[in-house]
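**Student:** Pasting target-v3.cif here (mmCIF, C-alpha atoms, pLDDT in the B column; chains and numbers go by the auth columns):
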data_my_file
#
loop_
_atom_site.group_PDB
_atom_site.id
_atom_site.type_symbol
_atom_site.label_atom_id
_atom_site.label_comp_id
_atom_site.label_asym_id
_atom_site.label_seq_id
_atom_site.Cartn_x
_atom_site.Cartn_y
_atom_site.Cartn_z
_atom_site.B_iso_or_equiv
_atom_site.auth_seq_id
_atom_site.auth_asym_id
ATOM 1 C CA MET A 1 56.711 107.125 106.057 47.00 45 A
ATOM 2 C CA SER A 2 58.161 108.173 102.758 42.00 46 A
ATOM 3 C CA LEU A 3 61.857 108.720 102.541 43.00 47 A
ATOM 4 C CA TYR A 4 61.609 110.869 99.444 37.00 48 A
ATOM 5 C CA ARG A 5 60.001 114.216 99.034 36.00 49 A
ATOM 6 C CA ASN A 6 59.790 116.361 95.925 36.00 50 A
ATOM 7 C CA SER A 7 60.540 119.513 97.841 37.00 51 A
ATOM 8 C CA ASN A 8 63.356 121.516 99.301 39.00 52 A
ATOM 9 C CA GLU A 9 62.188 121.004 102.901 40.00 53 A
ATOM 10 C CA SER A 10 64.708 118.258 103.637 39.00 54 A
ATOM 11 C CA PRO A 11 67.123 119.172 106.443 44.00 55 A
ATOM 12 C CA ALA A 12 70.040 117.362 104.757 44.00 56 A
ATOM 13 C CA PRO A 13 69.039 116.712 101.151 42.00 57 A
ATOM 14 C CA GLN A 14 70.930 114.468 98.795 45.00 58 A
ATOM 15 C CA PRO A 15 69.737 114.442 95.204 47.00 59 A
ATOM 16 C CA HIS A 16 68.687 111.203 93.563 49.00 60 A
ATOM 17 C CA GLY A 17 66.929 110.616 90.297 52.00 61 A
ATOM 18 C CA GLY A 18 66.511 113.364 87.782 53.00 62 A
ATOM 19 C CA GLY A 19 67.040 111.617 84.444 56.00 63 A
ATOM 20 C CA ASP A 20 64.345 111.451 81.756 59.00 64 A
ATOM 21 C CA GLY A 21 62.542 114.523 83.038 61.00 65 A
ATOM 22 C CA GLU A 22 61.962 112.949 86.453 63.00 66 A
ATOM 23 C CA PRO A 23 62.241 115.561 89.222 63.00 67 A
ATOM 24 C CA ALA A 24 65.176 115.168 91.569 62.00 68 A
ATOM 25 C CA ARG A 25 64.119 113.451 94.748 62.00 69 A
ATOM 26 C CA ARG A 26 65.405 114.454 98.142 69.00 70 A
ATOM 27 C CA ILE A 27 66.167 112.088 100.971 68.00 71 A
ATOM 28 C CA THR A 28 64.691 113.189 104.250 79.00 72 A
ATOM 29 C CA ILE A 29 66.496 112.256 107.428 88.00 73 A
ATOM 30 C CA LEU A 30 64.229 109.976 109.408 91.00 74 A
ATOM 31 C CA ARG A 31 63.556 110.930 112.989 95.00 75 A
ATOM 32 C CA ALA A 32 62.136 109.035 115.938 96.00 76 A
ATOM 33 C CA ARG A 33 58.750 110.672 115.356 96.00 77 A
ATOM 34 C CA ASP A 34 58.689 109.183 111.814 94.00 78 A
ATOM 35 C CA LEU A 35 59.508 105.660 112.957 95.00 79 A
ATOM 36 C CA MET A 36 57.881 105.246 116.349 96.00 80 A
ATOM 37 C CA GLU A 37 54.847 103.216 117.205 94.00 81 A
ATOM 38 C CA ARG A 38 52.342 105.532 118.857 95.00 82 A
ATOM 39 C CA GLY A 39 49.667 104.684 121.393 93.00 83 A
ATOM 40 C CA VAL A 40 52.049 102.389 123.224 94.00 84 A
ATOM 41 C CA ARG A 41 50.565 100.113 125.866 96.00 85 A
ATOM 42 C CA THR A 42 52.084 100.775 129.277 97.00 86 A
ATOM 43 C CA VAL A 43 51.821 99.089 132.667 97.00 87 A
ATOM 44 C CA GLU A 44 52.079 100.322 136.228 97.00 88 A
ATOM 45 C CA PRO A 45 54.785 99.227 138.689 97.00 89 A
ATOM 46 C CA GLU A 46 52.322 97.084 140.680 96.00 90 A
ATOM 47 C CA THR A 47 51.189 95.063 137.641 95.00 91 A
ATOM 48 C CA THR A 48 51.557 91.390 138.546 90.00 92 A
ATOM 49 C CA ILE A 49 53.671 88.979 136.554 85.00 93 A
ATOM 50 C CA ALA A 50 50.501 87.044 135.687 82.00 94 A
ATOM 51 C CA ARG A 51 48.935 90.196 134.226 90.00 95 A
ATOM 52 C CA LEU A 52 52.162 90.994 132.356 91.00 96 A
ATOM 53 C CA VAL A 53 51.953 87.598 130.650 86.00 97 A
ATOM 54 C CA GLU A 54 48.416 88.432 129.541 90.00 98 A
ATOM 55 C CA VAL A 55 49.360 91.909 128.278 93.00 99 A
ATOM 56 C CA PHE A 56 52.362 90.602 126.322 92.00 100 A
ATOM 57 C CA ASP A 57 50.072 88.060 124.693 90.00 101 A
ATOM 58 C CA GLU A 58 47.274 90.581 123.982 93.00 102 A
ATOM 59 C CA GLU A 59 49.608 93.206 122.521 92.00 103 A
ATOM 60 C CA GLY A 60 51.993 90.864 120.718 90.00 104 A
ATOM 61 C CA VAL A 61 55.018 92.720 122.099 89.00 105 A
ATOM 62 C CA SER A 62 58.099 91.653 124.020 89.00 106 A
ATOM 63 C CA GLY A 63 58.608 94.784 126.134 92.00 107 A
ATOM 64 C CA LEU A 64 56.438 97.340 127.903 95.00 108 A
ATOM 65 C CA PRO A 65 57.171 100.756 129.389 97.00 109 A
ATOM 66 C CA VAL A 66 56.341 101.052 133.092 97.00 110 A
ATOM 67 C CA ILE A 67 54.823 104.369 134.169 97.00 111 A
ATOM 68 C CA ASP A 68 53.977 105.829 137.566 96.00 112 A
ATOM 69 C CA SER A 69 50.707 107.422 138.685 96.00 113 A
ATOM 70 C CA LYS A 70 51.771 110.708 137.031 95.00 114 A
ATOM 71 C CA ASP A 71 52.354 108.950 133.659 95.00 115 A
ATOM 72 C CA LYS A 72 56.131 109.376 133.998 96.00 116 A
ATOM 73 C CA LEU A 73 58.413 106.635 132.695 97.00 117 A
ATOM 74 C CA VAL A 74 60.023 104.664 135.541 97.00 118 A
ATOM 75 C CA GLY A 75 61.204 101.508 133.775 96.00 119 A
ATOM 76 C CA VAL A 76 60.792 98.880 131.090 96.00 120 A
ATOM 77 C CA VAL A 77 59.813 95.262 131.614 95.00 121 A
ATOM 78 C CA THR A 78 60.495 92.609 128.958 92.00 122 A
ATOM 79 C CA LYS A 79 59.742 88.957 128.381 89.00 123 A
ATOM 80 C CA THR A 80 63.438 88.340 128.956 88.00 124 A
ATOM 81 C CA ASP A 81 63.140 89.942 132.425 88.00 125 A
ATOM 82 C CA MET A 82 60.274 87.581 133.184 85.00 126 A
ATOM 83 C CA ALA A 83 62.109 84.519 131.872 83.00 127 A
ATOM 84 C CA ARG A 84 65.186 85.461 133.902 83.00 128 A
ATOM 85 C CA ALA A 85 63.096 85.827 137.080 81.00 129 A
ATOM 86 C CA TYR A 86 61.494 82.472 136.384 75.00 130 A
ATOM 87 C CA ALA A 87 64.881 80.814 135.814 75.00 131 A
ATOM 88 C CA GLU A 88 66.194 82.316 139.062 75.00 132 A
ATOM 89 C CA ALA A 89 63.132 81.042 140.917 69.00 133 A
ATOM 90 C CA ALA A 90 63.763 77.583 139.435 64.00 134 A
ATOM 91 C CA GLU A 91 67.307 77.668 140.791 62.00 135 A
ATOM 92 C CA GLU A 92 65.885 78.468 144.214 57.00 136 A
ATOM 93 C CA GLY A 93 63.570 75.461 144.177 52.00 137 A
ATOM 94 C CA GLU A 94 60.563 76.651 142.160 47.00 138 A
ATOM 95 C CA PRO A 95 59.981 74.011 139.453 45.00 139 A
ATOM 96 C CA ARG A 96 60.570 75.052 135.846 44.00 140 A
ATOM 97 C CA PRO A 97 57.643 74.809 133.459 48.00 141 A
ATOM 98 C CA ASP A 98 57.319 71.402 131.850 44.00 142 A
ATOM 99 C CA GLY A 99 58.402 71.418 128.225 39.00 143 A
ATOM 100 C CA THR A 100 58.863 75.174 128.045 44.00 144 A
ATOM 101 C CA LEU A 101 62.147 76.618 126.853 41.00 145 A
ATOM 102 C CA TYR A 102 63.376 80.143 127.352 41.00 146 A
ATOM 103 C CA ASP A 103 66.182 81.623 125.319 42.00 147 A
ATOM 104 C CA LEU A 104 67.538 84.399 127.521 43.00 148 A
ATOM 105 C CA GLU A 105 69.560 85.824 124.629 42.00 149 A
ATOM 106 C CA ASP A 106 66.360 86.365 122.656 41.00 150 A
ATOM 107 C CA GLU A 107 63.620 88.770 123.700 42.00 151 A
ATOM 108 C CA GLU A 108 60.985 86.162 122.917 44.00 152 A
ATOM 109 C CA ALA A 109 60.287 83.895 125.891 45.00 153 A
ATOM 110 C CA LEU A 110 58.358 81.018 124.381 44.00 154 A
ATOM 111 C CA GLU A 111 54.947 79.691 125.439 46.00 155 A
ATOM 112 C CA LEU A 112 54.338 81.924 128.456 47.00 156 A
ATOM 113 C CA GLU A 113 50.571 81.480 128.650 44.00 157 A
ATOM 114 C CA PRO A 114 50.457 77.744 129.569 44.00 158 A
ATOM 115 C CA ASP A 115 52.595 78.506 132.627 52.00 159 A
ATOM 116 C CA LEU A 116 50.490 81.344 133.986 52.00 160 A
ATOM 117 C CA ARG A 117 49.744 79.505 137.244 54.00 161 A
ATOM 118 C CA ARG A 118 53.455 79.010 137.860 57.00 162 A
ATOM 119 C CA PHE A 119 54.135 82.709 137.252 58.00 163 A
ATOM 120 C CA GLU A 120 51.369 83.648 139.701 61.00 164 A
ATOM 121 C CA LYS A 121 53.227 81.693 142.402 63.00 165 A
ATOM 122 C CA LEU A 122 56.196 84.018 142.021 64.00 166 A
ATOM 123 C CA ALA A 123 54.073 86.978 143.216 70.00 167 A
ATOM 124 C CA LEU A 124 56.346 89.422 141.419 84.00 168 A
ATOM 125 C CA THR A 125 55.364 92.787 139.996 91.00 169 A
ATOM 126 C CA ALA A 126 56.657 94.923 137.149 94.00 170 A
ATOM 127 C CA ARG A 127 58.524 96.964 139.788 95.00 171 A
ATOM 128 C CA ALA A 128 60.589 93.910 140.801 92.00 172 A
ATOM 129 C CA LEU A 129 61.267 92.842 137.211 92.00 173 A
ATOM 130 C CA MET A 130 61.776 96.098 135.331 94.00 174 A
ATOM 131 C CA THR A 131 64.951 97.770 134.217 93.00 175 A
ATOM 132 C CA THR A 132 65.046 101.276 135.657 95.00 176 A
ATOM 133 C CA ASN A 133 67.975 102.562 133.612 94.00 177 A
ATOM 134 C CA VAL A 134 65.814 103.041 130.520 95.00 178 A
ATOM 135 C CA VAL A 135 67.313 104.101 127.211 95.00 179 A
ATOM 136 C CA THR A 136 65.147 106.910 125.861 97.00 180 A
ATOM 137 C CA ALA A 137 65.181 109.298 122.942 97.00 181 A
ATOM 138 C CA GLY A 138 63.540 112.551 122.014 97.00 182 A
ATOM 139 C CA GLU A 139 61.184 112.609 119.050 96.00 183 A
ATOM 140 C CA ASP A 140 63.642 114.657 116.952 97.00 184 A
ATOM 141 C CA GLU A 141 66.543 112.206 117.231 97.00 185 A
ATOM 142 C CA THR A 142 67.644 110.608 113.967 96.00 186 A
ATOM 143 C CA ALA A 143 67.263 106.970 112.961 95.00 187 A
ATOM 144 C CA ALA A 144 71.054 106.695 112.930 94.00 188 A
ATOM 145 C CA ASP A 145 71.222 107.970 116.526 96.00 189 A
ATOM 146 C CA LEU A 146 68.562 105.453 117.577 97.00 190 A
ATOM 147 C CA ALA A 147 70.379 102.571 115.888 96.00 191 A
ATOM 148 C CA ALA A 148 73.688 103.574 117.473 96.00 192 A
ATOM 149 C CA ARG A 149 72.057 103.718 120.899 96.00 193 A
ATOM 150 C CA MET A 150 70.502 100.255 120.456 96.00 194 A
ATOM 151 C CA LEU A 151 73.878 98.829 119.454 96.00 195 A
ATOM 152 C CA GLU A 152 75.717 100.594 122.275 96.00 196 A
ATOM 153 C CA HIS A 153 73.325 99.273 124.928 95.00 197 A
ATOM 154 C CA GLY A 154 72.538 95.887 123.347 93.00 198 A
ATOM 155 C CA ILE A 155 68.796 96.561 123.309 91.00 199 A
ATOM 156 C CA HIS A 156 65.952 96.090 120.837 91.00 200 A
ATOM 157 C CA ARG A 157 63.833 99.148 121.570 93.00 201 A
ATOM 158 C CA VAL A 158 64.177 102.794 122.534 96.00 202 A
ATOM 159 C CA ILE A 159 61.363 104.537 124.379 97.00 203 A
ATOM 160 C CA VAL A 160 60.519 107.919 122.866 97.00 204 A
ATOM 161 C CA THR A 161 59.600 110.473 125.496 97.00 205 A
ATOM 162 C CA ARG A 162 58.514 114.075 125.805 95.00 206 A
ATOM 163 C CA ARG A 163 59.068 115.555 129.285 92.00 207 A
ATOM 164 C CA ASP A 164 59.494 112.014 130.740 90.00 208 A
ATOM 165 C CA GLU A 165 56.141 110.885 129.307 94.00 209 A
ATOM 166 C CA VAL A 166 56.039 107.983 126.851 97.00 210 A
ATOM 167 C CA ILE A 167 54.901 109.062 123.391 97.00 211 A
ATOM 168 C CA GLY A 168 56.198 106.099 121.394 97.00 212 A
ATOM 169 C CA VAL A 169 58.620 103.226 120.936 96.00 213 A
ATOM 170 C CA VAL A 170 61.110 102.584 118.147 96.00 214 A
ATOM 171 C CA SER A 171 62.187 98.965 117.837 94.00 215 A
ATOM 172 C CA SER A 172 65.013 97.423 115.878 94.00 216 A
ATOM 173 C CA PHE A 173 62.288 96.019 113.614 93.00 217 A
ATOM 174 C CA ASP A 174 61.050 99.565 112.907 94.00 218 A
ATOM 175 C CA LEU A 175 64.574 100.508 111.797 95.00 219 A
ATOM 176 C CA LEU A 176 64.805 97.432 109.553 93.00 220 A
ATOM 177 C CA ARG A 177 61.442 98.274 108.000 93.00 221 A
ATOM 178 C CA ALA A 178 62.749 101.770 107.167 91.00 222 A
ATOM 179 C CA ILE A 179 65.850 100.303 105.496 90.00 223 A
ATOM 180 C CA VAL A 180 63.727 97.958 103.383 92.00 224 A
ATOM 181 C CA GLU A 181 61.474 100.837 102.303 89.00 225 A
ATOM 182 C CA TYR A 182 64.473 103.024 101.515 85.00 226 A
ATOM 183 C CA GLU A 183 66.082 100.363 99.317 86.00 227 A
ATOM 184 C CA SER A 184 62.776 99.669 97.609 88.00 228 A
ATOM 185 C CA GLN A 185 62.394 103.352 96.753 84.00 229 A
ATOM 186 C CA LEU A 186 65.946 103.522 95.413 82.00 230 A
ATOM 187 C CA LYS A 187 65.145 100.708 92.992 84.00 231 A
ATOM 188 C CA ASN A 188 62.065 102.512 91.662 77.00 232 A
#
Output the file's structure in the form of structure tokens.

**Tutor:**
Amino acid sequence: MSLYRNSNESPAPQPHGGGDGEPARRITILRARDLMERGVRTVEPETTIARLVEVFDEEGVSGLPVIDSKDKLVGVVTKTDMARAYAEAAEEGEPRPDGTLYDLEDEEALELEPDLRRFEKLALTARALMTTNVVTAGEDETAADLAARMLEHGIHRVIVTRRDEVIGVVSSFDLLRAIVEYESQLKN
């Protein structure tokens, strides 16, 4: 994902460089397709909470798109959704996990795996946990648009879709990585 190109193909070029015989570099506007993680793991609405714990651990992610039998996006389920459901169950009499802390302001619910048996007791599925009002973007939307949408909705990821099918995910970390690369290239 290079931010600079030595061509005139940039949709909104801004010159940089040039001195000492160096060719002027053009800044290319980054789009969702440039930033997104492809091959995103998805789950179905009937995926159990116990299986969700396993998938989060296997994939090292904190949120998963939920798709129906026609591969259409129907929701997103996060570790925070799971922690919230667990906290609500605890308020209703289900014991909280011993020694496990959840920070509901953070997307990272800590130490989920040791409490798998307790999650299985909840008998919840992705359908019951997921957010159905999913914030999505098209693959041609700009990084600035994605960042603005994340800020507006207080979220950490935007699902990139094409005709309601998941083709990628852009996270706030992906945007930060792009900023770091951009600044690094400016220094060179």

**Student:** Quick one, how far is atom CA of Phe217 of chain A from atom CA of Arg193 of chain A?

**Tutor:** 14.4 Å

**Student:** Would you kindly return, as a list in words, each protein, DNA or RNA residue with an atom no farther than 7 Å from any atom of Arg171 of chain A, considering all atoms listed in the file and excluding same-chain residues fewer than 3 positions away?

**Tutor:**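 Here the answer would be Pro89, Glu90 and Met174 of chain A.
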
**Student:** Written as a list in words, which residues does the PyMOL selection byres ((chain A and resi 184) around 8) give for the file shown?

**Tutor:**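 Checked against the file, the PyMOL selection byres ((chain A and resi 184) around 8) matches Arg75, Ala76, Arg77, Gly182, Glu183, Glu185 and Thr186 of chain A.
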
**Student:** Could you tell me which of A:Asn232, A:Thr122, A:Thr91, A:Thr180 comes closest to Gly104 of chain A if we count all atoms listed in the file?

**Tutor:**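 Checking each of A:Asn232, A:Thr122, A:Thr91, A:Thr180 against Gly104 of chain A, counting all atoms listed in the file, the winner is A:Thr122.
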
**Student:** Rank A:Met80, A:Leu220, A:Val87, A:Met194 by their smallest atom-to-atom distance to Ser113 of chain A, using all atoms listed in the file, and report the top residue only.

**Tutor:**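 Selected residue with least distance to Ser113 of chain A: A:Val87.
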